[in-house]
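Coordinates from structure26.tsv are shown below (TSV, C-alpha atoms (C1' of nucleotides)).
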chain	number	residue	atom	x	y	z
L	1	MET	CA	0.00	0.00	0.00
L	2	GLY	CA	1.25	3.45	-0.90
L	3	GLY	CA	0.01	5.27	2.10
L	4	GLU	CA	0.53	8.65	0.48
L	5	ALA	CA	-2.96	9.97	0.84
L	6	PRO	CA	-3.79	11.02	4.37
L	7	ARG	CA	-6.30	8.66	5.81
L	8	ARG	CA	-8.95	10.77	7.36
L	9	PRO	CA	-12.39	9.35	7.79
L	10	GLU	CA	-15.27	11.26	6.30
L	11	SER	CA	-16.63	13.07	9.26
L	12	CYS	CA	-19.83	14.96	9.64
L	13	VAL	CA	-19.34	17.19	12.61
L	14	PRO	CA	-22.43	19.32	12.93
L	15	GLU	CA	-21.68	22.87	11.94
L	16	ILE	CA	-24.34	25.09	10.42
L	17	ILE	CA	-24.48	23.15	7.16
L	18	GLU	CA	-24.99	19.76	8.76
L	19	VAL	CA	-27.65	21.11	11.11
L	20	GLU	CA	-29.46	22.60	8.12
L	21	MET	CA	-29.34	19.17	6.47
L	22	TYR	CA	-30.83	17.76	9.64
L	23	ARG	CA	-33.55	20.41	9.55
L	24	ARG	CA	-34.46	19.52	5.97
L	25	LEU	CA	-34.69	15.89	7.00
L	26	ALA	CA	-36.76	16.82	10.03
L	27	GLU	CA	-39.23	18.54	7.69
L	28	ARG	CA	-40.55	15.05	7.05
L	29	THR	CA	-41.99	15.04	10.54
L	30	VAL	CA	-44.09	18.17	10.07
L	31	GLY	CA	-47.78	17.43	10.53
L	32	ARG	CA	-47.12	14.13	12.22
L	33	ARG	CA	-48.24	13.40	15.77
L	34	THR	CA	-46.10	11.87	18.44
L	35	GLU	CA	-47.03	8.84	20.46
L	36	ARG	CA	-44.27	8.99	23.01
L	37	VAL	CA	-40.66	9.94	23.54
L	38	GLU	CA	-37.83	7.63	24.46
L	39	LEU	CA	-35.15	9.36	26.46
L	40	LEU	CA	-32.64	6.58	26.05
L	41	HIS	CA	-30.04	8.49	28.01
L	42	PRO	CA	-31.67	10.71	30.65
L	43	GLU	CA	-28.62	12.99	30.95
L	44	TYR	CA	-29.18	13.94	27.33
L	45	CYS	CA	-31.99	16.16	28.54
L	46	ARG	CA	-30.29	19.29	29.82
L	47	GLY	CA	-30.85	22.93	30.50
L	48	ASP	CA	-34.02	23.92	32.28
L	49	THR	CA	-36.01	20.89	31.14
L	50	SER	CA	-36.37	17.87	33.40
L	51	PRO	CA	-36.67	14.42	31.86
L	52	ASP	CA	-40.16	14.04	33.32
L	53	GLU	CA	-41.28	17.30	31.77
L	54	LEU	CA	-39.81	16.36	28.41
L	55	ILE	CA	-41.53	13.01	28.41
L	56	ALA	CA	-44.85	14.57	29.36
L	57	GLU	CA	-44.66	17.40	26.84
L	58	LEU	CA	-43.70	15.19	23.94
L	59	ALA	CA	-46.45	12.66	24.34
L	60	ASP	CA	-49.29	13.18	21.88
L	61	VAL	CA	-48.24	16.42	20.24
L	62	ALA	CA	-47.85	17.32	16.57
L	63	ILE	CA	-44.82	18.82	14.88
L	64	SER	CA	-45.89	22.15	13.41
L	65	SER	CA	-42.74	23.32	11.70
L	66	THR	CA	-38.97	23.26	11.86
L	67	SER	CA	-36.38	25.99	12.10
L	68	ARG	CA	-32.75	26.48	12.85
L	69	HIS	CA	-30.67	29.13	14.55
L	70	GLY	CA	-26.99	28.58	14.06
L	71	LYS	CA	-26.28	25.02	15.16
L	72	LEU	CA	-29.51	24.75	17.12
L	73	LEU	CA	-32.33	22.74	15.52
L	74	LEU	CA	-35.85	23.63	16.59
L	75	LEU	CA	-38.99	21.57	16.19
L	76	GLU	CA	-42.05	23.69	16.84
L	77	LEU	CA	-44.82	21.77	18.53
L	78	SER	CA	-48.58	22.15	18.25
L	79	SER	CA	-48.59	22.90	21.96
L	80	GLY	CA	-46.76	26.12	21.22
L	81	ARG	CA	-43.53	24.97	22.74
L	82	ASP	CA	-40.25	24.31	20.94
L	83	LEU	CA	-38.05	21.27	21.12
L	84	GLY	CA	-34.42	22.29	20.74
L	85	VAL	CA	-31.76	19.82	19.67
L	86	ARG	CA	-28.02	20.46	19.91
L	87	PHE	CA	-25.74	17.95	18.27
L	88	GLY	CA	-22.39	18.62	19.90
L	89	MET	CA	-19.53	17.17	17.92
L	90	THR	CA	-20.90	13.76	17.08
L	91	GLY	CA	-24.68	13.99	17.02
L	92	ARG	CA	-26.67	12.66	14.05
L	93	LEU	CA	-30.30	12.93	13.13
L	94	ILE	CA	-32.08	9.94	11.67
L	95	VAL	CA	-35.72	10.12	10.57
L	96	ASP	CA	-37.64	6.96	9.75
L	97	GLY	CA	-34.35	5.13	9.66
L	98	GLU	CA	-32.78	7.45	7.13
L	99	ALA	CA	-29.80	9.69	7.85
L	100	ALA	CA	-29.46	13.20	6.43
L	101	ILE	CA	-25.97	12.58	5.21
L	102	ASP	CA	-25.84	10.26	2.26
L	103	GLN	CA	-25.45	6.59	2.86
L	104	LEU	CA	-21.80	6.21	1.92
L	105	GLU	CA	-20.57	8.89	4.25
L	106	TYR	CA	-22.81	7.71	6.98
L	107	ALA	CA	-21.65	4.15	6.61
L	108	ALA	CA	-18.06	5.30	6.96
L	109	ASN	CA	-18.71	6.22	10.53
L	110	GLY	CA	-21.32	3.59	11.17
L	111	ASP	CA	-23.96	3.64	13.81
L	112	SER	CA	-24.65	1.66	16.91
L	113	PRO	CA	-27.84	1.31	18.95
L	114	SER	CA	-25.77	2.03	22.04
L	115	TRP	CA	-25.28	5.57	20.72
L	116	HIS	CA	-29.00	6.29	20.48
L	117	ARG	CA	-29.93	9.01	22.98
L	118	PHE	CA	-33.34	10.36	22.10
L	119	ARG	CA	-36.22	9.13	19.98
L	120	LEU	CA	-39.62	10.57	19.12
L	121	ARG	CA	-42.02	7.87	18.09
L	122	PHE	CA	-44.87	8.93	15.84
L	123	ARG	CA	-48.35	7.46	15.68
L	124	ASP	CA	-47.78	6.51	12.06
L	125	GLY	CA	-45.02	4.14	13.13
L	126	GLY	CA	-42.06	6.29	12.09
L	127	ASN	CA	-39.59	8.00	14.38
L	128	LEU	CA	-37.03	10.75	14.76
L	129	LEU	CA	-33.79	9.62	16.36
L	130	VAL	CA	-30.71	11.38	17.68
L	131	SER	CA	-27.59	9.23	17.74
L	132	ASP	CA	-24.61	10.73	19.55
L	133	PRO	CA	-21.65	8.59	20.66
L	134	ARG	CA	-19.97	11.24	22.75
L	135	ARG	CA	-23.16	12.56	24.29
L	136	LEU	CA	-22.02	16.13	23.89
L	137	GLY	CA	-25.36	17.09	22.37
L	138	ALA	CA	-28.59	17.70	24.24
L	139	VAL	CA	-32.33	18.17	23.91
L	140	GLU	CA	-34.23	20.89	25.72
L	141	LEU	CA	-37.67	22.48	25.66
L	142	ASP	CA	-37.86	26.16	24.75
L	143	PRO	CA	-34.10	26.70	24.67
L	144	ASP	CA	-32.94	30.23	25.39
L	145	ARG	CA	-31.86	31.78	22.12
L	146	SER	CA	-31.25	35.26	23.44
L	147	GLY	CA	-27.52	34.61	23.66
L	148	LEU	CA	-27.15	33.60	20.03
L	149	GLY	CA	-25.83	36.02	17.45
L	150	PRO	CA	-27.21	36.41	13.92
L	151	ASP	CA	-27.36	33.25	11.85
L	152	ALA	CA	-24.25	32.89	9.71
L	153	TRP	CA	-26.18	31.70	6.66
L	154	SER	CA	-27.81	35.10	6.24
L	155	ILE	CA	-25.38	37.40	8.01
L	156	SER	CA	-25.18	40.92	6.60
L	157	ALA	CA	-22.13	43.14	6.41
L	158	GLY	CA	-23.68	45.31	9.11
L	159	GLU	CA	-24.23	42.36	11.41
L	160	LEU	CA	-20.67	41.22	10.83
L	161	GLU	CA	-19.43	44.69	11.70
L	162	ILE	CA	-21.20	44.43	15.04
L	163	ALA	CA	-19.90	40.91	15.56
L	164	LEU	CA	-16.32	42.02	14.99
L	165	SER	CA	-16.49	45.19	17.00
L	166	GLY	CA	-14.93	45.08	20.41
L	167	ARG	CA	-11.85	43.31	21.60
L	168	GLY	CA	-10.71	39.82	20.82
L	169	GLY	CA	-9.06	37.81	18.10
L	170	LEU	CA	-10.73	37.44	14.72
L	171	LYS	CA	-11.12	33.69	14.90
L	172	ALA	CA	-12.31	33.74	18.49
L	173	ARG	CA	-15.06	36.23	17.61
L	174	LEU	CA	-16.23	34.21	14.63
L	175	LEU	CA	-16.34	31.01	16.66
L	176	ASN	CA	-18.24	32.60	19.51
L	177	GLN	CA	-21.89	31.71	18.98
L	178	SER	CA	-23.05	34.83	20.77
L	179	HIS	CA	-21.50	36.95	18.02
L	180	VAL	CA	-22.16	34.79	14.97
L	181	ALA	CA	-24.29	31.68	15.26
L	182	GLY	CA	-23.44	28.62	13.25
L	183	LEU	CA	-19.76	28.76	12.34
L	184	GLY	CA	-17.51	26.00	13.67
L	185	ASN	CA	-13.80	25.43	13.52
L	186	LEU	CA	-13.75	24.04	9.98
L	187	LEU	CA	-15.89	26.74	8.42
L	188	VAL	CA	-14.02	29.55	10.13
L	189	ASP	CA	-10.66	28.24	8.93
L	190	GLU	CA	-12.01	27.84	5.41
L	191	CYS	CA	-13.56	31.30	5.30
L	192	LEU	CA	-10.50	33.05	6.68
L	193	TRP	CA	-8.29	31.14	4.28
L	194	ARG	CA	-10.50	32.14	1.34
L	195	SER	CA	-10.56	35.73	2.52
L	196	GLY	CA	-6.82	35.94	3.05
L	197	LEU	CA	-7.24	36.99	6.67
L	198	ASP	CA	-4.97	35.88	9.50
L	199	PRO	CA	-7.06	34.26	12.25
L	200	ALA	CA	-4.75	35.79	14.88
L	201	ARG	CA	-5.56	39.36	13.93
L	202	PRO	CA	-7.54	41.47	16.35
L	203	ALA	CA	-11.13	41.45	15.14
L	204	SER	CA	-11.26	45.22	15.34
L	205	SER	CA	-8.36	45.55	12.92
L	206	VAL	CA	-10.42	44.16	10.04
L	207	SER	CA	-11.13	47.02	7.65
L	208	GLY	CA	-14.47	47.78	6.06
L	209	ASP	CA	-13.39	46.34	2.74
L	210	GLU	CA	-12.02	43.22	4.37
L	211	ARG	CA	-15.22	42.85	6.37
L	212	ALA	CA	-17.40	43.14	3.30
L	213	SER	CA	-15.28	40.55	1.58
L	214	LEU	CA	-15.44	38.24	4.59
L	215	ALA	CA	-19.22	38.57	4.84
L	216	ALA	CA	-19.58	37.64	1.19
L	217	THR	CA	-17.14	34.78	1.62
L	218	ILE	CA	-19.04	33.38	4.58
L	219	LEU	CA	-22.29	33.34	2.61
L	220	CYS	CA	-20.90	31.81	-0.57
L	221	THR	CA	-18.73	29.30	1.30
L	222	ILE	CA	-21.69	27.99	3.26
L	223	ASP	CA	-23.75	27.73	0.06
L	224	GLU	CA	-20.93	26.06	-1.82
L	225	LEU	CA	-20.03	23.52	0.85
L	226	ASP	CA	-23.71	22.80	1.37
L	227	ALA	CA	-23.91	21.92	-2.33
L	228	ARG	CA	-20.78	19.79	-2.00
L	229	GLY	CA	-22.23	17.88	0.91
L	230	GLY	CA	-20.86	19.29	4.15
L	231	SER	CA	-18.50	21.56	6.04
L	232	HIS	CA	-15.70	19.03	5.63
L	233	ARG	CA	-15.71	19.59	1.86
L	234	GLY	CA	-13.81	22.84	1.92
L	235	ASP	CA	-10.80	23.50	-0.31
L	236	LEU	CA	-8.55	23.68	2.73
L	237	HIS	CA	-9.83	20.59	4.44
L	238	ALA	CA	-7.64	17.93	2.86
L	239	GLU	CA	-4.57	19.91	3.95
L	240	ARG	CA	-5.60	20.15	7.60
L	241	GLN	CA	-2.75	17.95	8.72
L	242	HIS	CA	0.80	18.36	9.88
L	243	THR	CA	2.35	18.26	6.40
L	244	GLY	CA	-0.43	20.27	4.80
L	245	VAL	CA	0.35	22.93	2.19
L	246	CYS	CA	-1.76	25.83	1.00
L	247	PRO	CA	-3.81	24.76	-2.06
L	248	LEU	CA	-3.48	28.32	-3.33
L	249	ASP	CA	0.23	28.98	-3.22
L	250	GLY	CA	1.87	25.81	-1.92
L	251	ALA	CA	3.22	27.32	1.29
L	252	ALA	CA	3.47	25.03	4.31
L	253	LEU	CA	0.41	25.64	6.43
L	254	GLN	CA	0.77	27.10	9.87
L	255	ARG	CA	-0.78	25.13	12.72
L	256	ARG	CA	-1.74	27.05	15.81
L	257	THR	CA	-4.24	26.83	18.60
L	258	PHE	CA	-6.87	29.44	19.32
L	259	GLY	CA	-9.09	28.84	22.27
L	260	GLY	CA	-8.19	25.17	22.33
L	261	ARG	CA	-9.13	24.71	18.69
L	262	THR	CA	-6.63	23.55	16.13
L	263	THR	CA	-6.23	26.22	13.49
L	264	TYR	CA	-4.63	25.89	10.06
L	265	SER	CA	-3.76	28.95	8.03
L	266	CYS	CA	-1.45	30.00	5.24
L	267	PRO	CA	1.42	32.26	6.33
L	268	ALA	CA	1.92	33.41	2.76
L	269	HIS	CA	-1.45	34.82	1.80
L	270	GLN	CA	-3.38	35.20	5.06
L	271	SER	CA	-2.45	38.45	6.75
T	1	DA	C1'	-16.49	41.75	28.55
T	2	DT	C1'	-13.28	38.50	26.69
T	3	DT	C1'	-9.63	34.91	26.64
T	4	DG	C1'	-7.83	30.72	28.12
T	5	DT	C1'	-8.30	26.35	30.28
T	6	DG	C1'	-10.34	22.16	31.62
T	7	DG	C1'	-14.09	19.06	31.54
T	8	DC	C1'	-17.59	16.58	29.39
T	9	DC	C1'	-17.62	11.77	26.71
T	10	DT	C1'	-16.34	8.12	23.35
T	11	DG	C1'	-14.16	6.54	19.08
T	12	DC	C1'	-10.30	6.19	16.46
T	13	DC	C1'	-5.54	6.25	15.09
T	14	DC	C1'	-0.81	5.59	15.96
T	15	DG	C1'	3.17	3.76	18.06
T	16	DC	C1'	5.04	0.42	20.98
H	1	DT	C1'	-2.77	-8.54	18.10
H	2	DG	C1'	-3.41	-5.73	22.01
H	3	DC	C1'	-2.87	-1.81	24.76
H	4	DG	C1'	-2.17	2.96	26.12
H	5	DG	C1'	-1.75	7.67	24.91
H	6	DG	C1'	-3.15	11.45	22.26
H	7	DC	C1'	-6.44	13.71	19.54
H	8	DA	C1'	-11.13	15.29	17.79
H	9	DG	C1'	-14.68	19.51	14.21
H	10	DG	C1'	-18.95	21.64	20.20
H	11	DC	C1'	-20.24	23.71	24.20
H	12	DC	C1'	-20.20	25.14	29.07
H	13	DA	C1'	-18.42	26.62	33.60
H	14	DC	C1'	-14.97	28.83	35.63
H	15	DA	C1'	-10.86	31.75	36.59
H	16	DA	C1'	-8.19	35.59	35.40
Kindly transcribe the structure held in the file into structure tokens.
Amino acid sequence: MGGEAPRRPESCVPEIIEVEMYRRLAERTVGRRTERVELLHPEYCRGDTSPDELIAELADVAISSTSRHGKLLLLELSSGRDLGVRFGMTGRLIVDGEAAIDQLEYAANGDSPSWHRFRLRFRDGGNLLVSDPRRLGAVELDPDRSGLGPDAWSISAGELEIALSGRGGLKARLLNQSHVAGLGNLLVDECLWRSGLDPARPASSVSGDERASLAATILCTIDELDARGGSHRGDLHAERQHTGVCPLDGAALQRRTFGGRTTYSCPAHQS
DNA sequence: ATTGTGGCCTGCCCGC
DNA sequence: TGCGGGCAGGCCACAA
């Protein structure tokens, strides 16, 4: 075996794109009525909702609509309440036995019944399932969204200006969900790489022109990677490794840590 | 108000 | 072949 190509499993860590895929899949549950909920791992119910309350509220209620704010998936219930689902780093949504990510990718990571944390059973016999090996995700009724910034998929230049105002590093601000909701480590690295901006720069040092460019890049990158199938399909992604080189100019990529997150950037064209 | 750190958890990969 | 250490893309609490 050659062993030249880096072996990195296709991963589907839920950033904004994956959660939007989950939301589209969850659309299949709209209009359907629940029969009961299975909280297969009680600790998966967090925040202000108790397991008993969750079980009671999700028995015999219809799904009215779905929405998403950043990485938070919301199922609006006919009772007027919302069911919020966070996916952490390893959460997956499966509706009626079908995953949002296409079969090949999904099979690469597999699935195990022991990872199943939460299931809504519908009266029609189908179900909505959250599978999450690491249990870093959670479900909660009426999650507080007041701390979330504007959704990255529709962020305007003005909203980005507000998000980047104040102190702090550029990457840290973009990752902080209270400033911009939805961007994760992969998308931020990809967007900054495409924009030619150094993640270490103070956020406030980004000029108006650079900000406008970054806002446009965020929108088109999300659209493009959505079309490609996920946030791990960025141009930079294959080079996110120790020997990685910039796909643009061939420079050896710089590997640093910001806020505990591994960051890859190009020292030649990101400044 | 913001950054940095550790913890939460488990799976996976690598080296021994 | 098996084992132990290190690492992981999110998020939260906490300290500084």
Quiz prompt | Interface, chain L side, toward chain T (7 Å; all atoms listed in the file) as a list in words | solution = Pro133, Arg134, Arg135, Leu136, Gly168 and Gly259 of chain L
Exercise. Could you please tell me, as a ChimeraX atom specification, which residues of chain H have an atom within 10 Å of chain L when using all atoms listed in the file?
Key: /H:8-11
Quiz item: So how far away is atom CA of L:Thr66 from atom CA of L:Glu27, in Å?
Solution: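 Spanning atom CA of L:Glu27 to atom CA of L:Thr66 is a straight-line distance of 6.3 Å.
Checking L:Leu225, L:Ala251, L:Ile63, L:Leu160 one by one against L:Glu76, counting all atoms listed in the file, you find the shortest gap at L:Ile63.
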Quiz prompt | Residue neighbourhood L:Leu39, 8 Å, all atoms listed in the file, exclusion window fewer than 6 positions, as a ChimeraX atom specification | solution = /L:45,51,55,117-119
Quiz prompt | Atomic separation - atom CA of L:Ser65 relative to atom CA of L:Arg123, Å | solution = 17.3 Å
Quiz item: Leaving out stretch 190-203 of chain L and any residue of its chain fewer than 6 positions from it, which residues lie within 10 Å of it when counting only C-alpha atoms (C1' of nucleotides), given as JSON, numbers by chain?
Solution: {"L": [161, 163, 164, 165, 166, 167, 168, 169, 170, 171, 172, 173, 174, 183, 210, 211, 213, 214, 215, 216, 217, 218, 219, 220, 221, 222, 231, 232, 233, 234, 235, 236, 237, 246, 248, 256, 257, 258, 263, 264, 265, 266, 267, 268, 269, 270, 271]}
Exercise. Compare L:Asp60, L:Gln241, L:Asp111, L:Pro143 by their minimum atom-to-atom distance to L:Leu73, counting only C-alpha atoms, and give me the closest one.
Key: L:Pro143
With all atoms listed in the file as the counted atoms, please give the residues lying no more than 8 Å from L:Thr49, apart from itself and same-chain residues fewer than 3 positions off, as a PDB file with C-alpha atoms, in the coordinates of the input.
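Once everything was written out, this is part-v6.pdb:
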ATOM      1  CA  CYS L  45     -31.990  16.160  28.540  1.00  0.00           C
ATOM      2  CA  ARG L  46     -30.290  19.290  29.820  1.00  0.00           C
ATOM      3  CA  GLU L  53     -41.280  17.300  31.770  1.00  0.00           C
ATOM      4  CA  LEU L  54     -39.810  16.360  28.410  1.00  0.00           C
ATOM      5  CA  GLU L 140     -34.230  20.890  25.720  1.00  0.00           C
ATOM      6  CA  LEU L 141     -37.670  22.480  25.660  1.00  0.00           C
TER       7      LEU L 141
END
Quiz item: Counting only C-alpha atoms, which of L:Met21, L:Leu253, L:Ala59, L:Leu72 gets nearest to L:Val85?
Solution: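 Looking at the shortest contact to L:Val85, the residue is L:Leu72.
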Exercise. Have a look at L:Asp151, L:Val188, L:Thr34, L:Leu40 and name the one nearest to L:Ser67; count only C-alpha atoms.
Key: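 Using only C-alpha atoms, the shortest distance to L:Ser67 belongs to L:Asp151.
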Quiz prompt | Top pick for closest residue to L:Asp144, considering L:Glu57, L:Glu159, L:Asp82, L:Glu35 and counting all atoms listed in the file | solution =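 Residue with the minimum atom-to-atom distance to L:Asp144: L:Asp82.
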Self-check item: One-decimal distance in Å that lies between atom CA of L:Gly260 and atom CA of L:Ser154
Solution: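 A separation of 27.2 Å between them.
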